[in-house]
Amino acid sequence: MRKYSWFNTVSLTFGFAFLYIPMIILVIFSFNESKLVTVWGGFSTKWYGELMQNDAFLDAAWVTIKVAVISSTIATVLGTMAAFVLVRAGRFRGRTLFSGMIYAPLVMPEVITGLSLLLLFIAIGLDRGATTIVLAHATFSMCYVSVVVSSRMASFDESLEEAALDLGCTAWDAFKSVTLPIIAPAVASGWLLAFTLSLDDLVIASFTAGPSSTTLPIKIYSSVRLGVSPEINALSTLIIGLVTIGVLIASVTSKRSIQKQKRDELLADH
Amino acid sequence: MNLGRRLLISVPYGWLVVLFLIPFLIVFKISLSDYAISIPPYTPTLDTSEGWSGFAAYWSKLDFENFVFLAEDSLYIKAYLSSFKIATIATFLTLLVGFPFAYAIANAPEEWRPSLLLLVILPFWTSFLIRVYALIGILSNEGFLNQFLMWTGVISEPLVIMNTNAAVYIGIVYTYLPFMVLPIYSTLEKLDGSLLEAAQDLGCTRISAFWSVTVHLAKPGVIAGCFLVFIPALGEFVIPSLLGGSRTLMIGKVLWEEFFSNRDWPVASAVAIILLLVLIIPIVLFQRNEQKQREQNK
């Protein structure tokens, strides 16, 4: 092995310091006694207490979680179907348009997606609220899900499905007992991706939300515009903590399932 | 074609047509309409009760006036150019930070690499808005960067970074860094160390070997990373709105303000259409780069 040079050590240290120091400082200052956000006034958890009594934030959090769970579930179903269409359905009329519509939202600026959906909802007379946010989020996250799932599907052996069909399975049974277990880790990470995208989205939610359905990012944005506050630090810390735990659990379980799969494949070869 | 297959195709297809394609066509249509003080705030609206004559009257009132307005008002041209400039500079800066970072991860001992990668991806999962917010505490006049620099004695007056374009650059580099690091890493990881040794055996200096082997082979990753940063940065709204100043002109922010503050939907729609036209070129180039890479990998 080549020697790990000082240049690499410096780049690595600098890179991670750059990525993590702002967030670490944010977390530390959420426990600051003082109202001043840049001067340390002693350890305290009082901002978490105030957060728990702030009904506006709690309501927004509840709306956000509901929207995220429902929209990511719809997105996962639709995105997995779309992945099937992309990888397995072969040729059909309008295929180019279909794959275009799957990839376009990934590069579309959020302001345009938000604007266009809002104009649609107004044109068909749908009242803006949690439902419209769910529809909007499901639409753009299903594209992310289908990219994640289709890359997994493209890499697995189609003959497994064919074997199941030859052995008398119906298409649905073959999907349930052969395909789904293989793509399950990709479907799960697609769901998680859709969930965090929805949890995080400000721009599209701002366009599609009604006055009665404020989500957490909208709330955070409007209070951040007025400046940094310890309460927002506390809220951010909670979100960072939850997401970190979620991602770590997901990565450990998916690593396990990949290892298990490799072991099974090895056993099957012998 | 059996029923199941037809259903499988038509459900996601129909969803995307209704919630992606049609909304987009509506934006295009409204960009051709005129601003009006009414609900909805534009004319003409289609009056279906009059049948064909109503439709013809409606059609004749659509025009490209808003686009002429955008071309004549220097604010919009400046906003497009300034978005382009900011996105380009920020992409370059992200590359400067991201390449050595990706290189260092690719050269780390093999058993470390998955954990290092996870550490790069983790911030991407954490809320974008919160990461931008975290930067405010660092960059503001009494923020930690200034406190630190004054403590070390490098500066005696706080640097004004917040509410300038510099803060927007830092914001973009900070939030989009994983998009640059991951594709570069994936090309560097495949790099065969013996190629570098061969180049050096054949008389290259270490630097020229690095340049002609490592950088050359990493080029597809570098190009992919640059587009992955440039494309979203061009239409960015959150970063210029929270970190930039009132003089930071970016097209995403202009669109937002046209829509929410001025309530001029037709102009906001026209801004959106032009932004998309501007984006098509980098998107097509990006797709070509991806295609080429896929063919090479086969």
# chains A, B, ... in the order shown; residues from 1 in each chain; ligands from 1

call {"tool": "residues_around", "arguments": {"residues": "Glu189 (chain B)", "least_positions_apart": "4", "cutoff": "8 Å", "atoms": "only C-alpha atoms", "output": "PDB file with C-alpha atoms, in the first residue's frame"}}
result
ATOM      1  CA  ALA B 106     -10.337   6.879  -2.619  1.00  0.00           C
ATOM      2  CA  ASN B 107      -6.774   6.546  -1.309  1.00  0.00           C
ATOM      3  CA  TYR B 185     -14.870   9.098  -5.894  1.00  0.00           C
TER       4      TYR B 185
END

call {"tool": "residues_around", "arguments": {"residues": "region 110-113 of chain A", "least_positions_apart": "6", "cutoff": "10 Å", "atoms": "only C-alpha atoms", "output": "mmCIF file with all heavy atoms, in the first residue's frame"}}
result
data_model
loop_
_atom_site.group_PDB
_atom_site.id
_atom_site.type_symbol
_atom_site.label_atom_id
_atom_site.label_comp_id
_atom_site.auth_asym_id
_atom_site.auth_seq_id
_atom_site.Cartn_x
_atom_site.Cartn_y
_atom_site.Cartn_z
ATOM 1 N N ALA A 136 -48.149 16.680 -4.534
ATOM 2 C CA ALA A 136 -46.925 17.268 -5.095
ATOM 3 C C ALA A 136 -45.695 16.448 -4.699
ATOM 4 O O ALA A 136 -44.853 16.112 -5.546
ATOM 5 C CB ALA A 136 -46.776 18.709 -4.620
ATOM 6 N N THR A 139 -45.409 13.066 -6.357
ATOM 7 C CA THR A 139 -45.029 13.142 -7.764
ATOM 8 C C THR A 139 -43.519 13.257 -7.936
ATOM 9 O O THR A 139 -42.914 12.518 -8.706
ATOM 10 C CB THR A 139 -45.715 14.346 -8.439
ATOM 11 O OG1 THR A 139 -47.099 14.247 -8.201
ATOM 12 C CG2 THR A 139 -45.436 14.362 -9.917
ATOM 13 N N PHE A 140 -42.879 14.186 -7.212
ATOM 14 C CA PHE A 140 -41.447 14.285 -7.474
ATOM 15 C C PHE A 140 -40.655 13.189 -6.789
ATOM 16 O O PHE A 140 -39.643 12.735 -7.297
ATOM 17 C CB PHE A 140 -40.886 15.692 -7.240
ATOM 18 C CG PHE A 140 -40.562 16.039 -5.821
ATOM 19 C CD1 PHE A 140 -39.287 15.853 -5.326
ATOM 20 C CD2 PHE A 140 -41.525 16.585 -5.004
ATOM 21 C CE1 PHE A 140 -38.985 16.181 -4.011
ATOM 22 C CE2 PHE A 140 -41.230 16.924 -3.705
ATOM 23 C CZ PHE A 140 -39.960 16.716 -3.203
ATOM 24 N N ASP A 201 -38.647 19.418 2.301
ATOM 25 C CA ASP A 201 -38.970 20.314 1.202
ATOM 26 C C ASP A 201 -39.603 21.623 1.669
ATOM 27 O O ASP A 201 -40.596 21.622 2.394
ATOM 28 C CB ASP A 201 -39.916 19.606 0.233
ATOM 29 C CG ASP A 201 -40.502 20.584 -0.747
ATOM 30 O OD1 ASP A 201 -39.729 21.155 -1.525
ATOM 31 O OD2 ASP A 201 -41.718 20.809 -0.695
ATOM 32 N N LEU A 202 -39.032 22.719 1.238
ATOM 33 C CA LEU A 202 -39.601 24.027 1.535
ATOM 34 C C LEU A 202 -40.313 24.610 0.322
ATOM 35 O O LEU A 202 -41.457 25.054 0.404
ATOM 36 C CB LEU A 202 -38.489 24.991 1.982
ATOM 37 C CG LEU A 202 -38.892 26.461 1.951
ATOM 38 C CD1 LEU A 202 -39.834 26.790 3.082
ATOM 39 C CD2 LEU A 202 -37.673 27.364 1.996
ATOM 40 N N VAL A 203 -39.625 24.588 -0.825
ATOM 41 C CA VAL A 203 -40.096 25.370 -1.967
ATOM 42 C C VAL A 203 -41.427 24.839 -2.500
ATOM 43 O O VAL A 203 -42.403 25.589 -2.628
ATOM 44 C CB VAL A 203 -39.027 25.383 -3.073
ATOM 45 C CG1 VAL A 203 -39.546 26.102 -4.294
ATOM 46 C CG2 VAL A 203 -37.759 26.048 -2.566
ATOM 47 N N ILE A 204 -41.479 23.531 -2.786
ATOM 48 C CA ILE A 204 -42.700 22.975 -3.372
ATOM 49 C C ILE A 204 -43.846 23.058 -2.366
ATOM 50 O O ILE A 204 -44.979 23.397 -2.721
ATOM 51 C CB ILE A 204 -42.446 21.532 -3.848
ATOM 52 C CG1 ILE A 204 -41.425 21.574 -4.990
ATOM 53 C CG2 ILE A 204 -43.725 20.852 -4.294
ATOM 54 C CD1 ILE A 204 -40.935 20.241 -5.448
ATOM 55 N N ALA A 205 -43.536 22.811 -1.080
ATOM 56 C CA ALA A 205 -44.574 22.909 -0.055
ATOM 57 C C ALA A 205 -45.102 24.340 0.054
ATOM 58 O O ALA A 205 -46.295 24.549 0.237
ATOM 59 C CB ALA A 205 -44.042 22.427 1.289
ATOM 60 N N SER A 206 -44.218 25.340 -0.085
ATOM 61 C CA SER A 206 -44.689 26.726 0.018
ATOM 62 C C SER A 206 -45.679 27.066 -1.072
ATOM 63 O O SER A 206 -46.633 27.807 -0.849
ATOM 64 C CB SER A 206 -43.523 27.708 -0.094
ATOM 65 O OG SER A 206 -42.615 27.504 0.934
ATOM 66 N N PHE A 207 -45.435 26.531 -2.277
ATOM 67 C CA PHE A 207 -46.361 26.799 -3.369
ATOM 68 C C PHE A 207 -47.677 26.061 -3.177
ATOM 69 O O PHE A 207 -48.737 26.605 -3.487
ATOM 70 C CB PHE A 207 -45.745 26.375 -4.712
ATOM 71 C CG PHE A 207 -44.831 27.410 -5.325
ATOM 72 C CD1 PHE A 207 -43.455 27.295 -5.209
ATOM 73 C CD2 PHE A 207 -45.345 28.485 -6.016
ATOM 74 C CE1 PHE A 207 -42.617 28.238 -5.787
ATOM 75 C CE2 PHE A 207 -44.518 29.427 -6.597
ATOM 76 C CZ PHE A 207 -43.146 29.314 -6.481
ATOM 77 N N LEU B 19 -49.910 15.109 -13.213
ATOM 78 C CA LEU B 19 -49.252 15.947 -12.207
ATOM 79 C C LEU B 19 -47.872 16.452 -12.626
ATOM 80 O O LEU B 19 -47.224 17.170 -11.875
ATOM 81 C CB LEU B 19 -49.146 15.197 -10.878
ATOM 82 C CG LEU B 19 -50.484 15.121 -10.154
ATOM 83 C CD1 LEU B 19 -50.588 13.859 -9.338
ATOM 84 C CD2 LEU B 19 -50.707 16.330 -9.285
ATOM 85 N N PHE B 20 -47.422 16.079 -13.815
ATOM 86 C CA PHE B 20 -46.169 16.675 -14.272
ATOM 87 C C PHE B 20 -46.318 17.355 -15.627
ATOM 88 O O PHE B 20 -46.008 18.530 -15.779
ATOM 89 C CB PHE B 20 -45.051 15.622 -14.323
ATOM 90 C CG PHE B 20 -43.765 16.199 -14.820
ATOM 91 C CD1 PHE B 20 -43.009 17.007 -14.000
ATOM 92 C CD2 PHE B 20 -43.341 15.950 -16.105
ATOM 93 C CE1 PHE B 20 -41.834 17.581 -14.465
ATOM 94 C CE2 PHE B 20 -42.165 16.516 -16.580
ATOM 95 C CZ PHE B 20 -41.407 17.335 -15.757
ATOM 96 N N PRO B 23 -49.412 20.205 -15.703
ATOM 97 C CA PRO B 23 -49.040 21.448 -15.013
ATOM 98 C C PRO B 23 -48.027 22.263 -15.801
ATOM 99 O O PRO B 23 -48.092 23.487 -15.845
ATOM 100 C CB PRO B 23 -48.408 20.953 -13.702
ATOM 101 C CG PRO B 23 -48.971 19.634 -13.481
ATOM 102 C CD PRO B 23 -49.273 19.048 -14.807
ATOM 103 N N PHE B 24 -47.099 21.539 -16.444
ATOM 104 C CA PHE B 24 -46.088 22.230 -17.197
ATOM 105 C C PHE B 24 -46.700 22.971 -18.384
ATOM 106 O O PHE B 24 -46.341 24.122 -18.671
ATOM 107 C CB PHE B 24 -45.036 21.227 -17.653
ATOM 108 C CG PHE B 24 -43.934 21.886 -18.366
ATOM 109 C CD1 PHE B 24 -43.081 22.729 -17.682
ATOM 110 C CD2 PHE B 24 -43.783 21.712 -19.722
ATOM 111 C CE1 PHE B 24 -42.091 23.392 -18.349
ATOM 112 C CE2 PHE B 24 -42.787 22.363 -20.396
ATOM 113 C CZ PHE B 24 -41.937 23.209 -19.709
ATOM 114 N N VAL B 27 -48.281 26.122 -17.185
ATOM 115 C CA VAL B 27 -47.302 27.199 -16.992
ATOM 116 C C VAL B 27 -47.032 27.881 -18.331
ATOM 117 O O VAL B 27 -47.010 29.110 -18.435
ATOM 118 C CB VAL B 27 -45.979 26.655 -16.405
ATOM 119 C CG1 VAL B 27 -44.906 27.739 -16.408
ATOM 120 C CG2 VAL B 27 -46.189 26.161 -14.999
ATOM 121 N N PRO B 232 -28.731 22.206 -10.256
ATOM 122 C CA PRO B 232 -29.609 22.716 -9.203
ATOM 123 C C PRO B 232 -29.208 24.108 -8.707
ATOM 124 O O PRO B 232 -30.068 24.884 -8.293
ATOM 125 C CB PRO B 232 -29.490 21.684 -8.082
ATOM 126 C CG PRO B 232 -28.268 20.927 -8.362
ATOM 127 C CD PRO B 232 -28.038 20.980 -9.834
ATOM 128 N N GLY B 235 -31.011 27.163 -10.457
ATOM 129 C CA GLY B 235 -32.387 27.522 -10.092
ATOM 130 C C GLY B 235 -32.584 27.647 -8.592
ATOM 131 O O GLY B 235 -33.712 27.667 -8.121
ATOM 132 N N GLU B 236 -31.497 27.706 -7.836
ATOM 133 C CA GLU B 236 -31.551 27.686 -6.374
ATOM 134 C C GLU B 236 -32.356 28.855 -5.815
ATOM 135 O O GLU B 236 -32.276 29.978 -6.307
ATOM 136 C CB GLU B 236 -30.114 27.723 -5.844
ATOM 137 C CG GLU B 236 -29.978 27.594 -4.355
ATOM 138 C CD GLU B 236 -30.671 26.351 -3.830
ATOM 139 O OE1 GLU B 236 -30.405 25.232 -4.325
ATOM 140 O OE2 GLU B 236 -31.489 26.506 -2.923
ATOM 141 N N PHE B 237 -33.151 28.565 -4.794
ATOM 142 C CA PHE B 237 -33.900 29.637 -4.137
ATOM 143 C C PHE B 237 -33.504 29.840 -2.673
ATOM 144 O O PHE B 237 -33.249 30.958 -2.238
ATOM 145 C CB PHE B 237 -35.409 29.363 -4.201
ATOM 146 C CG PHE B 237 -36.192 30.212 -3.248
ATOM 147 C CD1 PHE B 237 -36.383 31.552 -3.514
ATOM 148 C CD2 PHE B 237 -36.678 29.693 -2.059
ATOM 149 C CE1 PHE B 237 -37.056 32.367 -2.624
ATOM 150 C CE2 PHE B 237 -37.359 30.499 -1.164
ATOM 151 C CZ PHE B 237 -37.552 31.836 -1.454
ATOM 152 N N ILE B 251 -32.228 33.781 -10.338
ATOM 153 C CA ILE B 251 -33.480 33.694 -11.067
ATOM 154 C C ILE B 251 -34.564 32.972 -10.262
ATOM 155 O O ILE B 251 -35.730 33.327 -10.334
ATOM 156 C CB ILE B 251 -33.225 33.048 -12.455
ATOM 157 C CG1 ILE B 251 -34.284 33.511 -13.431
ATOM 158 C CG2 ILE B 251 -33.122 31.561 -12.409
ATOM 159 C CD1 ILE B 251 -34.205 34.968 -13.741
ATOM 160 N N GLY B 252 -34.135 31.996 -9.425
ATOM 161 C CA GLY B 252 -35.104 31.298 -8.591
ATOM 162 C C GLY B 252 -35.781 32.267 -7.626
ATOM 163 O O GLY B 252 -36.992 32.204 -7.378
ATOM 164 N N LYS B 253 -34.969 33.193 -7.099
ATOM 165 C CA LYS B 253 -35.494 34.184 -6.173
ATOM 166 C C LYS B 253 -36.421 35.168 -6.887
ATOM 167 O O LYS B 253 -37.456 35.558 -6.344
ATOM 168 C CB LYS B 253 -34.298 34.928 -5.562
ATOM 169 C CG LYS B 253 -34.506 35.401 -4.151
ATOM 170 C CD LYS B 253 -33.214 35.995 -3.605
ATOM 171 C CE LYS B 253 -33.364 37.448 -3.287
ATOM 172 N NZ LYS B 253 -32.096 38.112 -3.015
ATOM 173 N N LEU B 255 -38.209 34.564 -9.547
ATOM 174 C CA LEU B 255 -39.474 33.875 -9.838
ATOM 175 C C LEU B 255 -40.372 33.871 -8.597
ATOM 176 O O LEU B 255 -41.552 34.181 -8.656
ATOM 177 C CB LEU B 255 -39.178 32.436 -10.276
ATOM 178 C CG LEU B 255 -40.308 31.649 -10.928
ATOM 179 C CD1 LEU B 255 -39.728 30.519 -11.754
ATOM 180 C CD2 LEU B 255 -41.273 31.069 -9.932
ATOM 181 N N TRP B 256 -39.752 33.509 -7.461
ATOM 182 C CA TRP B 256 -40.483 33.458 -6.189
ATOM 183 C C TRP B 256 -41.123 34.806 -5.894
ATOM 184 O O TRP B 256 -42.300 34.891 -5.537
ATOM 185 C CB TRP B 256 -39.501 33.068 -5.086
ATOM 186 C CG TRP B 256 -40.082 32.974 -3.716
ATOM 187 C CD1 TRP B 256 -40.407 34.005 -2.886
ATOM 188 C CD2 TRP B 256 -40.400 31.783 -3.007
ATOM 189 N NE1 TRP B 256 -40.896 33.529 -1.712
ATOM 190 C CE2 TRP B 256 -40.903 32.175 -1.744
ATOM 191 C CE3 TRP B 256 -40.300 30.419 -3.295
ATOM 192 C CZ2 TRP B 256 -41.304 31.254 -0.784
ATOM 193 C CZ3 TRP B 256 -40.702 29.507 -2.326
ATOM 194 C CH2 TRP B 256 -41.201 29.918 -1.097
ATOM 195 N N ALA B 268 -44.148 35.423 -13.852
ATOM 196 C CA ALA B 268 -43.482 34.323 -13.142
ATOM 197 C C ALA B 268 -43.405 33.081 -14.040
ATOM 198 O O ALA B 268 -42.375 32.404 -14.101
ATOM 199 C CB ALA B 268 -44.223 33.995 -11.847
ATOM 200 N N SER B 269 -44.494 32.796 -14.773
ATOM 201 C CA SER B 269 -44.498 31.628 -15.661
ATOM 202 C C SER B 269 -43.500 31.803 -16.797
ATOM 203 O O SER B 269 -42.803 30.854 -17.171
ATOM 204 C CB SER B 269 -45.890 31.407 -16.244
ATOM 205 O OG SER B 269 -46.822 31.267 -15.211
ATOM 206 N N VAL B 271 -40.773 33.596 -16.691
ATOM 207 C CA VAL B 271 -39.441 33.413 -16.093
ATOM 208 C C VAL B 271 -39.128 31.918 -15.984
ATOM 209 O O VAL B 271 -38.017 31.475 -16.306
ATOM 210 C CB VAL B 271 -39.373 34.089 -14.694
ATOM 211 C CG1 VAL B 271 -38.100 33.714 -13.968
ATOM 212 C CG2 VAL B 271 -39.466 35.595 -14.826
ATOM 213 N N ALA B 272 -40.126 31.131 -15.563
ATOM 214 C CA ALA B 272 -39.924 29.683 -15.423
ATOM 215 C C ALA B 272 -39.593 29.037 -16.764
ATOM 216 O O ALA B 272 -38.697 28.193 -16.857
ATOM 217 C CB ALA B 272 -41.172 29.038 -14.822
ATOM 218 N N ILE B 273 -40.317 29.437 -17.821
ATOM 219 C CA ILE B 273 -40.091 28.842 -19.145
ATOM 220 C C ILE B 273 -38.666 29.142 -19.621
ATOM 221 O O ILE B 273 -37.954 28.249 -20.103
ATOM 222 C CB ILE B 273 -41.115 29.390 -20.166
ATOM 223 C CG1 ILE B 273 -42.531 28.999 -19.771
ATOM 224 C CG2 ILE B 273 -40.795 28.886 -21.584
ATOM 225 C CD1 ILE B 273 -42.883 27.559 -19.942
ATOM 226 N N LEU B 275 -36.070 29.886 -17.756
ATOM 227 C CA LEU B 275 -35.121 29.150 -16.905
ATOM 228 C C LEU B 275 -34.963 27.723 -17.413
ATOM 229 O O LEU B 275 -33.853 27.192 -17.490
ATOM 230 C CB LEU B 275 -35.608 29.152 -15.448
ATOM 231 C CG LEU B 275 -34.816 28.309 -14.455
ATOM 232 C CD1 LEU B 275 -33.352 28.717 -14.426
ATOM 233 C CD2 LEU B 275 -35.394 28.419 -13.058
ATOM 234 N N LEU B 276 -36.084 27.119 -17.807
ATOM 235 C CA LEU B 276 -36.021 25.745 -18.328
ATOM 236 C C LEU B 276 -35.229 25.691 -19.626
ATOM 237 O O LEU B 276 -34.399 24.796 -19.824
ATOM 238 C CB LEU B 276 -37.424 25.224 -18.594
ATOM 239 C CG LEU B 276 -38.034 24.408 -17.487
ATOM 240 C CD1 LEU B 276 -39.298 23.789 -17.972
ATOM 241 C CD2 LEU B 276 -37.068 23.335 -17.026
#

call {"tool": "residues_around", "arguments": {"residues": "Phe179 (chain B)", "least_positions_apart": "3", "cutoff": "9 Å", "atoms": "only C-alpha atoms", "output": "PyMOL selection string"}}
result
chain B and resi 98+121+124+175-176+182-183+224-226+228-229

call {"tool": "residues_around", "arguments": {"residues": "Thr208 (chain A)", "least_positions_apart": "6", "cutoff": "6 Å", "atoms": "only C-alpha atoms", "output": "number ranges by chain"}}
result
A: 118, 132-133

call {"tool": "residues_around", "arguments": {"residues": "Tyr169 (chain B)", "least_positions_apart": "5", "cutoff": "12 Å", "atoms": "only C-alpha atoms", "output": "ChimeraX atom specification"}}
result
/B:83,85-94,132,135,139,161-164,174-177,229-230,233-234,236,239-240,243-244,248

call {"tool": "residues_around", "arguments": {"residues": "region 148-158 of chain A", "least_positions_apart": "4", "cutoff": "9 Å", "atoms": "only C-alpha atoms", "output": "list in words"}}
result
Gly79, Thr80, Ala82, Ala83, Phe84, Leu86, Val87, Arg88, Cys143, Tyr144, Glu162, Ala163, Thr179, Ile182, Ile183, Ala184, Pro185, Ala186, Val187, Ser189 and Gly190 of chain A

call {"tool": "select_by_dssp", "arguments": {"residues": "region 7-41 of chain B", "states": "helix (DSSP H, G or I)", "output": "ChimeraX atom specification"}}
result
/B:7-31

call {"tool": "write_last_selection", "arguments": {"atoms": "C-alpha atoms", "output": "compact mmCIF listing (two decimals), in the first residue's frame"}}
result
# COMPACT_ATOMS: atom_id res chain seq x y z
CA LEU B 7 -52.46 -1.45 -15.81
CA LEU B 8 -48.83 -1.46 -14.65
CA ILE B 9 -47.91 1.03 -17.35
CA SER B 10 -50.97 3.22 -17.22
CA VAL B 11 -51.05 3.98 -13.47
CA PRO B 12 -47.63 5.69 -13.14
CA TYR B 13 -47.97 7.03 -16.68
CA GLY B 14 -51.31 8.64 -15.97
CA TRP B 15 -50.09 10.05 -12.67
CA LEU B 16 -47.12 11.75 -14.33
CA VAL B 17 -49.20 13.09 -17.21
CA VAL B 18 -51.71 14.67 -14.82
CA LEU B 19 -49.25 15.95 -12.21
CA PHE B 20 -46.17 16.67 -14.27
CA LEU B 21 -46.91 17.16 -17.97
CA ILE B 22 -50.23 19.03 -17.75
CA PRO B 23 -49.04 21.45 -15.01
CA PHE B 24 -46.09 22.23 -17.20
CA LEU B 25 -48.35 22.98 -20.16
CA ILE B 26 -50.43 25.23 -17.90
CA VAL B 27 -47.30 27.20 -16.99
CA PHE B 28 -46.57 27.61 -20.67
CA LYS B 29 -50.13 28.74 -21.38
CA ILE B 30 -50.18 31.27 -18.54
CA SER B 31 -46.83 32.66 -19.67

call {"tool": "closest_residue", "arguments": {"among": "B:Thr126, B:Gln291, B:Thr205, B:Ser261", "to": "chain A", "atoms": "only C-alpha atoms"}}
result
B:Thr126

call {"tool": "atom_distance", "arguments": {"atom1": "CA of Gly246 (chain A)", "atom2": "CA of Ala188 (chain A)"}}
result
11.9 Å

call {"tool": "closest_residue", "arguments": {"among": "A:Leu235, A:Ile28, A:Val85, A:Leu126", "to": "chain B", "atoms": "only C-alpha atoms"}}
result
A:Val85

call {"tool": "atom_distance", "arguments": {"atom1": "CA of Leu188 (chain B)", "atom2": "CA of Leu197 (chain A)"}}
result
28.7 Å

call {"tool": "closest_residue", "arguments": {"among": "A:Val63, A:Leu266, A:Met81, A:Val39", "to": "Gly210 (chain A)", "atoms": "only C-alpha atoms"}}
result
A:Val63

call {"tool": "closest_residue", "arguments": {"among": "B:Phe128, B:Trp151, B:Tyr80, B:Phe227", "to": "chain A", "atoms": "only C-alpha atoms"}}
result
B:Phe128

call {"tool": "atom_distance", "arguments": {"atom1": "CA of Pro266 (chain B)", "atom2": "CA of Tyr42 (chain B)"}}
result
6.8 Å

call {"tool": "closest_residue", "arguments": {"among": "A:Trp191, A:Phe57, A:Trp62, A:Phe18", "to": "chain B", "atoms": "only C-alpha atoms"}}
result
A:Phe18
